[in-house]
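Report on the structure given below.
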Amino acid sequence: MAHKKAFQLDQAVLAYKYVIEHYAADPKLNAVWLQMGSLLEVQGKQAEAQRTYAKVPTTAPEFPEALYREALLSETRKNVTEARKLLEQLRALPERRMSSVWPL
């Protein structure tokens, strides 16, 4: 994405929002949620990034990564209880789902 490469992060987030609104049925949409969350993190918008990661469906291949990033943000925001809960949820996922977070 051109805006991201040019460090125009606000414009990049707006472009991702456009994609989400207009291509909701696209199978790659969950990757867009991850990218948008990452950009929001870089901008220091941790709460918004965490809400963005939470939008990745539990059935999506990207879910373990989104859950992991969400847990890290909880820990960064000093919400240890929430971070622990999210990490336990991540730990409870079947091993085959974890390969998207930690490839073997």
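By convention in this document, the chains of the structure tokens carry letters A, B, ... by their order, each chain's residues are numbered from 1, and ligands are numbered from 1 in the order they are shown.
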
(request) Show which residues sit within 8 Å of Leu90 in chain A, as an NGL selection string. Count only C-alpha atoms, and ignore same-chain residues fewer than 2 positions away. (result) :A and (64 or 67-68 or 86-88 or 92-93)

(message) With distances taken over only C-alpha atoms, which residue among A:Gln50, A:Ser38, A:Asp10, A:Glu21 lies nearest Ser74 in chain A?
(response)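 Answer, going by the shortest atom-to-atom distance: A:Gln50.
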
(request) Could you pull out the residues in chain A that DSSP calls alpha helix (DSSP H) from the backbone, as an MDAnalysis selection string? (result) chainID A and resid 2:5 9:22 29:42 46:53 63:76 80:91 95:98
